[in-house]
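Participant: File follows, protein_29.json with JSON, C-alpha atoms:
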```json
[["chain", "number", "residue", "atom", "x", "y", "z"],
["A", 1098, "MET", "CA", -28.73, 12.71, -7.61],
["A", 1099, "VAL", "CA", -28.88, 8.97, -6.92],
["A", 1100, "PRO", "CA", -29.81, 8.52, -3.25],
["A", 1101, "ARG", "CA", -28.68, 5.42, -1.38],
["A", 1102, "GLY", "CA", -31.41, 3.79, 0.71],
["A", 1103, "ARG", "CA", -34.07, 6.46, 0.17],
["A", 1104, "ARG", "CA", -37.24, 6.31, -1.86],
["A", 1105, "ALA", "CA", -36.94, 7.86, -5.31],
["A", 1106, "ASP", "CA", -39.32, 10.36, -6.88],
["A", 1107, "HIS", "CA", -42.89, 9.06, -7.03],
["A", 1108, "GLN", "CA", -42.72, 8.88, -10.83],
["A", 1109, "ALA", "CA", -39.81, 6.45, -10.76],
["A", 1110, "VAL", "CA", -40.07, 2.96, -12.20],
["A", 1111, "LEU", "CA", -37.76, 0.01, -11.97],
["A", 1112, "LEU", "CA", -35.30, -1.06, -14.63],
["A", 1113, "VAL", "CA", -34.21, -4.56, -13.64],
["A", 1114, "GLY", "CA", -30.82, -4.80, -15.31],
["A", 1115, "GLY", "CA", -27.63, -3.25, -14.02],
["A", 1116, "GLU", "CA", -25.32, -3.63, -16.98],
["A", 1117, "ILE", "CA", -25.53, -0.20, -18.55],
["A", 1118, "ARG", "CA", -24.68, 1.81, -15.45],
["A", 1119, "CYS", "CA", -21.66, -0.32, -14.60],
["A", 1120, "SER", "CA", -20.55, -0.40, -18.22],
["A", 1121, "LEU", "CA", -20.57, 3.37, -18.68],
["A", 1122, "LEU", "CA", -18.90, 4.00, -15.32],
["A", 1123, "ILE", "CA", -16.23, 1.41, -16.10],
["A", 1124, "GLY", "CA", -15.61, 3.12, -19.43],
["A", 1125, "ARG", "CA", -14.76, 6.28, -17.55],
["A", 1126, "ALA", "CA", -12.56, 4.37, -15.09],
["A", 1127, "VAL", "CA", -10.66, 2.70, -17.95],
["A", 1128, "ALA", "CA", -10.07, 6.06, -19.63],
["A", 1129, "ALA", "CA", -8.83, 7.49, -16.33],
["A", 1130, "GLY", "CA", -6.37, 4.62, -15.87],
["A", 1131, "GLU", "CA", -8.12, 3.37, -12.73],
["A", 1132, "LEU", "CA", -9.01, 0.05, -14.37],
["A", 1133, "ARG", "CA", -7.79, -2.06, -17.28],
["A", 1134, "GLU", "CA", -9.85, -4.71, -19.01],
["A", 1135, "ASP", "CA", -7.00, -7.18, -18.51],
["A", 1136, "ASP", "CA", -6.97, -6.63, -14.73],
["A", 1137, "ARG", "CA", -7.80, -9.75, -12.75],
["A", 1138, "LEU", "CA", -10.82, -9.46, -10.49],
["A", 1139, "VAL", "CA", -8.91, -10.86, -7.51],
["A", 1140, "ASP", "CA", -6.19, -8.24, -7.87],
["A", 1141, "ILE", "CA", -8.89, -5.66, -7.13],
["A", 1142, "LEU", "CA", -10.87, -7.76, -4.66],
["A", 1143, "PRO", "CA", -8.13, -9.95, -3.12],
["A", 1144, "GLU", "CA", -10.53, -11.37, -0.54],
["A", 1145, "LEU", "CA", -12.09, -13.43, -3.37],
["A", 1146, "ALA", "CA", -8.88, -15.24, -4.33],
["A", 1147, "ASN", "CA", -9.13, -18.98, -3.69],
["A", 1148, "GLY", "CA", -6.24, -20.51, -5.62],
["A", 1149, "THR", "CA", -8.43, -21.95, -8.38],
["A", 1150, "GLU", "CA", -9.17, -20.97, -11.98],
["A", 1151, "TYR", "CA", -11.57, -18.40, -10.52],
["A", 1152, "ASP", "CA", -8.50, -16.25, -9.83],
["A", 1153, "THR", "CA", -7.91, -15.83, -13.58],
["A", 1154, "ILE", "CA", -11.22, -14.00, -14.23],
["A", 1155, "THR", "CA", -10.61, -10.59, -15.81],
["A", 1156, "ILE", "CA", -12.62, -7.40, -16.02],
["A", 1157, "ARG", "CA", -13.00, -8.02, -19.76],
["A", 1158, "GLN", "CA", -14.53, -11.43, -19.18],
["A", 1159, "LEU", "CA", -16.98, -9.98, -16.67],
["A", 1160, "LEU", "CA", -17.91, -7.21, -19.10],
["A", 1161, "ASP", "CA", -18.63, -9.74, -21.85],
["A", 1162, "MET", "CA", -20.44, -12.29, -19.64],
["A", 1163, "ALA", "CA", -17.67, -14.84, -20.08],
["A", 1164, "SER", "CA", -16.50, -15.42, -16.49],
["A", 1165, "GLY", "CA", -18.02, -18.88, -16.05],
["A", 1166, "VAL", "CA", -19.03, -18.15, -12.45],
["A", 1167, "ASP", "CA", -21.63, -20.73, -11.49],
["A", 1168, "VAL", "CA", -24.56, -18.62, -10.29],
["A", 1169, "SER", "CA", -27.61, -19.64, -12.31],
["A", 1170, "GLU", "CA", -29.80, -16.99, -13.89],
["A", 1171, "ASN", "CA", -32.81, -18.14, -11.89],
["A", 1172, "TYR", "CA", -35.88, -15.95, -11.31],
["A", 1173, "ASN", "CA", -38.32, -18.71, -10.40],
["A", 1174, "PRO", "CA", -40.36, -17.65, -7.33],
["A", 1175, "TYR", "CA", -40.57, -21.28, -6.29],
["A", 1176, "TRP", "CA", -36.77, -21.48, -6.00],
["A", 1177, "PRO", "CA", -36.01, -18.23, -4.15],
["A", 1178, "LEU", "CA", -32.79, -19.47, -2.58],
["A", 1179, "THR", "CA", -31.07, -20.36, -5.85],
["A", 1180, "GLY", "CA", -28.92, -18.32, -8.24],
["A", 1181, "THR", "CA", -29.85, -14.73, -9.09],
["A", 1182, "ALA", "CA", -33.03, -14.91, -6.98],
["A", 1183, "ARG", "CA", -30.88, -15.63, -3.92],
["A", 1184, "MET", "CA", -28.47, -12.85, -4.85],
["A", 1185, "TYR", "CA", -31.41, -10.44, -5.03],
["A", 1186, "LEU", "CA", -32.71, -11.46, -1.60],
["A", 1187, "THR", "CA", -29.43, -11.59, 0.29],
["A", 1188, "GLU", "CA", -28.57, -8.85, 2.76],
["A", 1189, "ASP", "CA", -24.87, -9.60, 2.34],
["A", 1190, "LEU", "CA", -23.72, -9.36, -1.27],
["A", 1191, "ALA", "CA", -20.07, -9.58, -0.29],
["A", 1192, "GLY", "CA", -20.77, -12.82, 1.51],
["A", 1193, "PHE", "CA", -22.83, -14.12, -1.42],
["A", 1194, "VAL", "CA", -20.10, -13.67, -4.02],
["A", 1195, "GLY", "CA", -17.57, -15.09, -1.59],
["A", 1196, "ASP", "CA", -19.71, -18.21, -1.21],
["A", 1197, "HIS", "CA", -20.17, -18.59, -4.99],
["A", 1198, "ARG", "CA", -16.75, -19.00, -6.56],
["A", 1199, "ASP", "CA", -17.27, -22.29, -8.36],
["A", 1200, "LEU", "CA", -17.06, -22.21, -12.17],
["A", 1201, "ARG", "CA", -19.39, -23.69, -14.74],
["A", 1202, "PHE", "CA", -16.81, -23.32, -17.53],
["A", 1203, "ALA", "CA", -13.31, -21.96, -17.94],
["A", 1204, "PRO", "CA", -13.20, -18.14, -17.86],
["A", 1205, "GLY", "CA", -13.12, -16.72, -21.37],
["A", 1206, "SER", "CA", -14.06, -19.98, -23.09],
["A", 1207, "ARG", "CA", -17.63, -18.97, -23.95],
["A", 1208, "GLY", "CA", -20.33, -16.45, -23.19],
["A", 1209, "ASP", "CA", -23.24, -17.14, -20.84],
["A", 1210, "TYR", "CA", -25.41, -14.47, -19.24],
["A", 1211, "ARG", "CA", -24.89, -14.26, -15.49],
["A", 1212, "SER", "CA", -26.05, -11.31, -13.36],
["A", 1213, "VAL", "CA", -23.28, -12.13, -10.90],
["A", 1214, "ASP", "CA", -20.76, -10.88, -13.49],
["A", 1215, "THR", "CA", -22.28, -7.41, -13.28],
["A", 1216, "GLN", "CA", -22.37, -7.56, -9.49],
["A", 1217, "LEU", "CA", -18.66, -8.38, -9.42],
["A", 1218, "LEU", "CA", -17.95, -5.53, -11.83],
["A", 1219, "GLY", "CA", -19.82, -3.10, -9.61],
["A", 1220, "MET", "CA", -17.92, -4.22, -6.54],
["A", 1221, "ALA", "CA", -14.57, -3.90, -8.34],
["A", 1222, "LEU", "CA", -15.49, -0.44, -9.60],
["A", 1223, "ALA", "CA", -16.54, 0.78, -6.15],
["A", 1224, "ARG", "CA", -13.26, -0.54, -4.72],
["A", 1225, "VAL", "CA", -10.98, 1.26, -7.17],
["A", 1226, "ALA", "CA", -13.04, 4.45, -6.97],
["A", 1227, "GLY", "CA", -13.19, 4.39, -3.18],
["A", 1228, "LYS", "CA", -16.84, 5.44, -3.13],
["A", 1229, "PRO", "CA", -20.30, 3.83, -3.51],
["A", 1230, "LEU", "CA", -21.71, 3.18, -6.96],
["A", 1231, "GLY", "CA", -24.67, 5.49, -6.36],
["A", 1232, "GLU", "CA", -22.33, 8.39, -5.63],
["A", 1233, "LEU", "CA", -20.29, 7.59, -8.74],
["A", 1234, "LEU", "CA", -23.40, 7.47, -10.91],
["A", 1235, "ALA", "CA", -24.74, 10.73, -9.50],
["A", 1236, "GLN", "CA", -21.49, 12.61, -10.08],
["A", 1237, "GLU", "CA", -20.26, 11.09, -13.32],
["A", 1238, "ILE", "CA", -23.43, 10.41, -15.32],
["A", 1239, "TRP", "CA", -26.69, 11.52, -13.70],
["A", 1240, "ALA", "CA", -25.67, 15.16, -13.27],
["A", 1241, "PRO", "CA", -23.84, 15.51, -16.62],
["A", 1242, "ILE", "CA", -26.75, 14.14, -18.66],
["A", 1243, "GLY", "CA", -29.12, 16.60, -17.00],
["A", 1244, "ALA", "CA", -31.36, 13.97, -15.44],
["A", 1245, "GLU", "CA", -34.70, 15.53, -14.53],
["A", 1246, "ASP", "CA", -35.55, 13.36, -11.52],
["A", 1247, "ASP", "CA", -33.79, 11.69, -8.64],
["A", 1248, "ALA", "CA", -33.13, 7.98, -8.95],
["A", 1249, "LEU", "CA", -32.88, 5.27, -6.33],
["A", 1250, "TRP", "CA", -30.44, 2.35, -6.39],
["A", 1251, "ASN", "CA", -31.45, -0.55, -4.15],
["A", 1252, "LEU", "CA", -28.99, -1.75, -1.51],
["A", 1253, "ASP", "CA", -28.51, -5.20, -0.06],
["A", 1254, "ARG", "CA", -29.29, -3.77, 3.39],
["A", 1255, "ALA", "CA", -29.52, -0.41, 5.14],
["A", 1256, "GLY", "CA", -26.10, 1.22, 4.84],
["A", 1257, "GLY", "CA", -24.92, -1.64, 2.64],
["A", 1258, "GLN", "CA", -23.86, -1.74, -0.99],
["A", 1259, "GLU", "CA", -25.71, -1.35, -4.29],
["A", 1260, "LYS", "CA", -27.21, -4.31, -6.12],
["A", 1261, "ALA", "CA", -25.04, -3.54, -9.13],
["A", 1262, "PHE", "CA", -26.77, -6.20, -11.24],
["A", 1263, "CYS", "CA", -30.20, -4.62, -10.99],
["A", 1264, "CYS", "CA", -32.59, -2.25, -9.33],
["A", 1265, "LEU", "CA", -31.98, 1.32, -10.42],
["A", 1266, "ASN", "CA", -35.30, 3.12, -10.13],
["A", 1267, "ALA", "CA", -35.69, 6.11, -12.47],
["A", 1268, "THR", "CA", -38.06, 7.72, -14.95],
["A", 1269, "ALA", "CA", -38.41, 6.77, -18.61],
["A", 1270, "ARG", "CA", -37.26, 10.24, -19.67],
["A", 1271, "ASP", "CA", -34.00, 9.90, -17.74],
["A", 1272, "PHE", "CA", -33.35, 6.42, -19.10],
["A", 1273, "ALA", "CA", -33.88, 7.94, -22.56],
["A", 1274, "LYS", "CA", -31.14, 10.44, -21.74],
["A", 1275, "ILE", "CA", -28.79, 7.49, -21.21],
["A", 1276, "GLY", "CA", -29.71, 6.20, -24.65],
["A", 1277, "GLN", "CA", -29.20, 9.67, -26.14],
["A", 1278, "LEU", "CA", -25.79, 9.84, -24.50],
["A", 1279, "VAL", "CA", -24.76, 6.66, -26.31],
["A", 1280, "LEU", "CA", -26.35, 7.84, -29.57],
["A", 1281, "ASP", "CA", -24.35, 11.09, -29.35],
["A", 1282, "GLY", "CA", -21.03, 9.30, -28.97],
["A", 1283, "GLY", "CA", -20.76, 9.80, -25.23],
["A", 1284, "ARG", "CA", -21.26, 13.58, -25.35],
["A", 1285, "VAL", "CA", -23.84, 15.96, -23.96],
["A", 1286, "GLY", "CA", -23.55, 19.05, -26.10],
["A", 1287, "THR", "CA", -19.85, 19.84, -26.21],
["A", 1288, "THR", "CA", -19.08, 17.94, -22.98],
["A", 1289, "GLU", "CA", -17.56, 14.48, -23.15],
["A", 1290, "VAL", "CA", -19.21, 12.28, -20.52],
["A", 1291, "ILE", "CA", -18.20, 8.84, -21.81],
["A", 1292, "PRO", "CA", -14.99, 8.43, -23.86],
["A", 1293, "PRO", "CA", -15.65, 7.79, -27.58],
["A", 1294, "ALA", "CA", -13.42, 4.70, -27.39],
["A", 1295, "TRP", "CA", -15.84, 3.21, -24.87],
["A", 1296, "ILE", "CA", -18.85, 3.96, -27.04],
["A", 1297, "GLU", "CA", -17.04, 2.02, -29.77],
["A", 1298, "ARG", "CA", -16.39, -0.78, -27.28],
["A", 1299, "ILE", "CA", -20.04, -1.18, -26.31],
["A", 1300, "SER", "CA", -21.05, -0.90, -29.97],
["A", 1301, "THR", "CA", -18.86, -3.86, -30.95],
["A", 1302, "PRO", "CA", -20.07, -7.36, -30.04],
["A", 1303, "SER", "CA", -17.63, -9.69, -28.31],
["A", 1304, "PRO", "CA", -16.43, -12.73, -30.31],
["A", 1305, "LEU", "CA", -18.33, -14.83, -27.75],
["A", 1306, "PRO", "CA", -22.11, -14.66, -28.33],
["A", 1307, "VAL", "CA", -24.53, -14.84, -25.41],
["A", 1308, "ILE", "CA", -27.71, -16.87, -25.98],
["A", 1309, "ASP", "CA", -27.04, -16.64, -29.74],
["A", 1310, "TRP", "CA", -27.03, -12.83, -29.66],
["A", 1311, "GLY", "CA", -24.18, -10.39, -29.84],
["A", 1312, "TYR", "CA", -23.05, -8.97, -26.53],
["A", 1313, "GLY", "CA", -20.33, -6.49, -25.73],
["A", 1314, "ALA", "CA", -19.33, -4.68, -22.54],
["A", 1315, "GLN", "CA", -22.74, -5.21, -20.94],
["A", 1316, "TRP", "CA", -24.82, -4.15, -23.97],
["A", 1317, "TRP", "CA", -26.89, -6.45, -26.15],
["A", 1318, "HIS", "CA", -26.69, -6.57, -29.95],
["A", 1319, "PRO", "CA", -29.88, -8.07, -31.39],
["A", 1320, "THR", "CA", -29.79, -10.82, -33.95],
["A", 1321, "GLY", "CA", -28.87, -9.71, -37.45],
["A", 1322, "ALA", "CA", -26.21, -7.43, -38.87],
["A", 1323, "GLU", "CA", -27.88, -4.18, -37.86],
["A", 1324, "PRO", "CA", -25.81, -1.70, -35.83],
["A", 1325, "ASP", "CA", -28.48, -1.20, -33.16],
["A", 1326, "LEU", "CA", -27.79, -2.02, -29.52],
["A", 1327, "MET", "CA", -29.77, -2.08, -26.32],
["A", 1328, "ALA", "CA", -30.06, -2.72, -22.62],
["A", 1329, "ILE", "CA", -32.65, -5.27, -21.52],
["A", 1330, "GLY", "CA", -34.25, -5.81, -18.14],
["A", 1331, "VAL", "CA", -35.51, -9.29, -17.37],
["A", 1332, "TYR", "CA", -39.15, -8.27, -16.98],
["A", 1333, "GLY", "CA", -39.52, -6.25, -20.18],
["A", 1334, "GLN", "CA", -37.55, -3.03, -19.77],
["A", 1335, "TYR", "CA", -35.48, -1.72, -22.67],
["A", 1336, "ILE", "CA", -33.25, 1.12, -23.77],
["A", 1337, "TYR", "CA", -32.95, 0.73, -27.53],
["A", 1338, "VAL", "CA", -30.47, 2.75, -29.59],
["A", 1339, "ASP", "CA", -30.34, 2.77, -33.40],
["A", 1340, "PRO", "CA", -27.49, 5.05, -34.58],
["A", 1341, "PRO", "CA", -28.31, 5.13, -38.34],
["A", 1342, "SER", "CA", -31.81, 6.50, -37.78],
["A", 1343, "ARG", "CA", -30.83, 8.35, -34.58],
["A", 1344, "THR", "CA", -33.60, 6.63, -32.68],
["A", 1345, "VAL", "CA", -33.84, 5.98, -28.95],
["A", 1346, "VAL", "CA", -36.75, 3.99, -27.53],
["A", 1347, "VAL", "CA", -37.40, 3.28, -23.85],
["A", 1348, "LYS", "CA", -39.91, 0.62, -22.88],
["A", 1349, "LEU", "CA", -40.85, 0.08, -19.25],
["A", 1350, "SER", "CA", -43.13, -2.83, -18.42],
["A", 1351, "ASP", "CA", -43.55, -5.88, -16.24],
["A", 1352, "HIS", "CA", -44.10, -9.06, -18.23],
["A", 1353, "GLY", "CA", -42.63, -11.48, -15.74],
["A", 1354, "THR", "CA", -40.30, -13.77, -17.66],
["A", 1355, "THR", "CA", -42.73, -14.25, -20.56],
["A", 1356, "GLN", "CA", -41.64, -11.34, -22.71],
["A", 1357, "ASP", "CA", -40.88, -11.97, -26.39],
["A", 1358, "GLU", "CA", -37.65, -10.06, -27.01],
["A", 1359, "ALA", "CA", -37.58, -10.84, -30.74],
["A", 1360, "GLU", "CA", -41.09, -9.47, -31.23],
["A", 1361, "THR", "CA", -40.26, -6.35, -29.22],
["A", 1362, "ILE", "CA", -37.07, -5.73, -31.19],
["A", 1363, "ALA", "CA", -39.02, -6.03, -34.43],
["A", 1364, "VAL", "CA", -41.32, -3.24, -33.21],
["A", 1365, "PHE", "CA", -38.34, -1.06, -32.23],
["A", 1366, "ARG", "CA", -36.77, -1.55, -35.66],
["A", 1367, "ALA", "CA", -40.05, -0.70, -37.35],
["A", 1368, "LEU", "CA", -40.23, 2.52, -35.34],
["A", 1369, "ALA", "CA", -36.64, 3.35, -36.29],
["A", 1370, "ASP", "CA", -37.34, 2.66, -39.98],
["A", 1371, "ALA", "CA", -40.43, 4.85, -39.84],
["A", 1372, "GLY", "CA", -38.22, 7.73, -38.81]]
```
Now that the file is in, can you turn its structure into structure tokens?

Facilitator:
Amino acid sequence: MVPRGRRADHQAVLLVGGEIRCSLLIGRAVAAGELREDDRLVDILPELANGTEYDTITIRQLLDMASGVDVSENYNPYWPLTGTARMYLTEDLAGFVGDHRDLRFAPGSRGDYRSVDTQLLGMALARVAGKPLGELLAQEIWAPIGAEDDALWNLDRAGGQEKAFCCLNATARDFAKIGQLVLDGGRVGTTEVIPPAWIERISTPSPLPVIDWGYGAQWWHPTGAEPDLMAIGVYGQYIYVDPPSRTVVVKLSDHGTTQDEAETIAVFRALADAG
């Protein structure tokens, strides 16, 4: 299960990066006809409409980090009231996104990593599903993959909503089960958990690169032509999946913002090549 507002199992560790949970849950919602990638965000969350170009943002653009929403990806402890740091600290995520509807560039014109895109996706998903993200994750992914431990998803306040962009606390073994789910084409044994079409979607980089890397539906595609993909947390957490060698690697650490992603990926690829 994924409790809301309770402490997780004592073995749990933090993966700071919310993309993969929202991505996989959205894949299920798309297959069920509850969402379309071409849906406008403000058609799902009409309270965010403001009569500007913001109103044109689509689910697809949020998935591919191409919304242009001007919330800087700031983690600097000396600027705690700016950008993502402020979004992490707020006790009112709905109010935060409502106060941050300016654009840095036209939606869909380029890719630029913004945690707020994932937060908006999570809020849209919870709205169409009519239930909290933690409940969705528990029912639709955590139970089907056979997770061994409870997880904890941080809320903005007691009884509030999930920080969709971050803060799922779980064990390395259970994060590895997420990677295995992707490696196995969205299936656990003979049971389809994630539609194969969505596994193809996350395995295909968007035409708009993000920080010179491939990025598609909330999953990173490292530099180079290799078919590997991964989830990355800002402080050095990874779920790495290499389909050709059928390798899954989970790395949980806390490097601050000094991690060397390229060096880490090189190690992952060496492990995959070693078989």

Participant: What is the CA of Arg1201 in chain A to CA of Glu1150 in chain A distance in Å?

Facilitator: 10.9 Å

Participant: Nearest to Asp1247 in chain A: which of A:Gly1231, A:Pro1174, A:Pro1292, A:Pro1304 is it, counting only C-alpha atoms?

Facilitator: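 Ranked by minimum distance to Asp1247 in chain A, first place goes to A:Gly1231.
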
Participant: By how many Å are CA of Asp1152 in chain A and CA of Leu1122 in chain A apart?

Facilitator: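 Computing it gives 23.4 Å between the two atoms.
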
Participant: Hey, can you check how far CA of Met1162 in chain A sits from CA of Asp1209 in chain A?

Facilitator: 5.7 Å

Participant: Quick one: contact table of range 1184-1260 of chain A to range 1282-1288 of chain A, 9 Å max, nearest atom pair and distance in Å to one decimal per residue, counting all atoms listed in the file, chain and number order, as a Markdown table?

Facilitator:
```
| residue | atom | partner | partner_atom | distance |
| --- | --- | --- | --- | --- |
| A:Pro1241 | CA | A:Val1285 | CA | 7.4 |
| A:Ile1242 | CA | A:Val1285 | CA | 6.3 |
| A:Gly1243 | CA | A:Val1285 | CA | 8.8 |
```

Participant: Kindly export the residues of the current selection with C-alpha atoms, as a PDB file, in the coordinates of the input.

Facilitator:
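Wrote selection_6.pdb, looks like this:
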```pdb
ATOM      1  CA  PRO A1241     -23.840  15.510 -16.620  1.00  0.00           C
ATOM      2  CA  ILE A1242     -26.750  14.140 -18.660  1.00  0.00           C
ATOM      3  CA  GLY A1243     -29.120  16.600 -17.000  1.00  0.00           C
TER       4      GLY A1243
END
```

Participant: The residues within 9 Å of (-13.1, -8.0, -10.4), using only C-alpha atoms and the coordinates of the file, should be reported as a PyMOL selection string; which are they?

Facilitator: chain A and resi 1136-1142+1145+1154-1156+1159+1214+1217-1222

Participant: I need the residue nearest Ser1206 in chain A from this list: A:Ile1123, A:Ala1314, A:Ile1238, A:Val1166. Use all atoms listed in the file for the distance.

Facilitator: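 Smallest distance to Ser1206 in chain A is found for A:Val1166.
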
Participant: At a cut-off of 10 Å, using only C-alpha atoms, what residues contact Phe1262 in chain A? Leave out same-chain residues fewer than 5 positions from it and give the result as an mmCIF file with C-alpha atoms, in the frame of the given file.

Facilitator:
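Output contents, as saved in part20.cif:
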```
data_model
loop_
_atom_site.group_PDB
_atom_site.id
_atom_site.type_symbol
_atom_site.label_atom_id
_atom_site.label_comp_id
_atom_site.auth_asym_id
_atom_site.auth_seq_id
_atom_site.Cartn_x
_atom_site.Cartn_y
_atom_site.Cartn_z
ATOM 1 C CA VAL A 1113 -34.210 -4.560 -13.640
ATOM 2 C CA GLY A 1114 -30.820 -4.800 -15.310
ATOM 3 C CA GLY A 1115 -27.630 -3.250 -14.020
ATOM 4 C CA GLU A 1116 -25.320 -3.630 -16.980
ATOM 5 C CA ILE A 1117 -25.530 -0.200 -18.550
ATOM 6 C CA ARG A 1118 -24.680 1.810 -15.450
ATOM 7 C CA CYS A 1119 -21.660 -0.320 -14.600
ATOM 8 C CA THR A 1181 -29.850 -14.730 -9.090
ATOM 9 C CA MET A 1184 -28.470 -12.850 -4.850
ATOM 10 C CA TYR A 1185 -31.410 -10.440 -5.030
ATOM 11 C CA ARG A 1211 -24.890 -14.260 -15.490
ATOM 12 C CA SER A 1212 -26.050 -11.310 -13.360
ATOM 13 C CA VAL A 1213 -23.280 -12.130 -10.900
ATOM 14 C CA ASP A 1214 -20.760 -10.880 -13.490
ATOM 15 C CA THR A 1215 -22.280 -7.410 -13.280
ATOM 16 C CA GLN A 1216 -22.370 -7.560 -9.490
ATOM 17 C CA LEU A 1217 -18.660 -8.380 -9.420
ATOM 18 C CA LEU A 1218 -17.950 -5.530 -11.830
ATOM 19 C CA GLY A 1219 -19.820 -3.100 -9.610
#
```

Participant: In terms of the shortest atom-to-atom distance over only C-alpha atoms, which of A:Ala1273, A:Ala1248, A:Leu1121, A:Ala1126 is closest to Ala1235 in chain A?

Facilitator: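 For Ala1235 in chain A, the nearest of the candidates is A:Ala1248.
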
Participant: So, with only C-alpha atoms as the atoms that count, which of A:Val1345, A:Thr1301, A:Glu1323, A:Glu1289 lies closest to Arg1270 in chain A?

Facilitator: A:Val1345
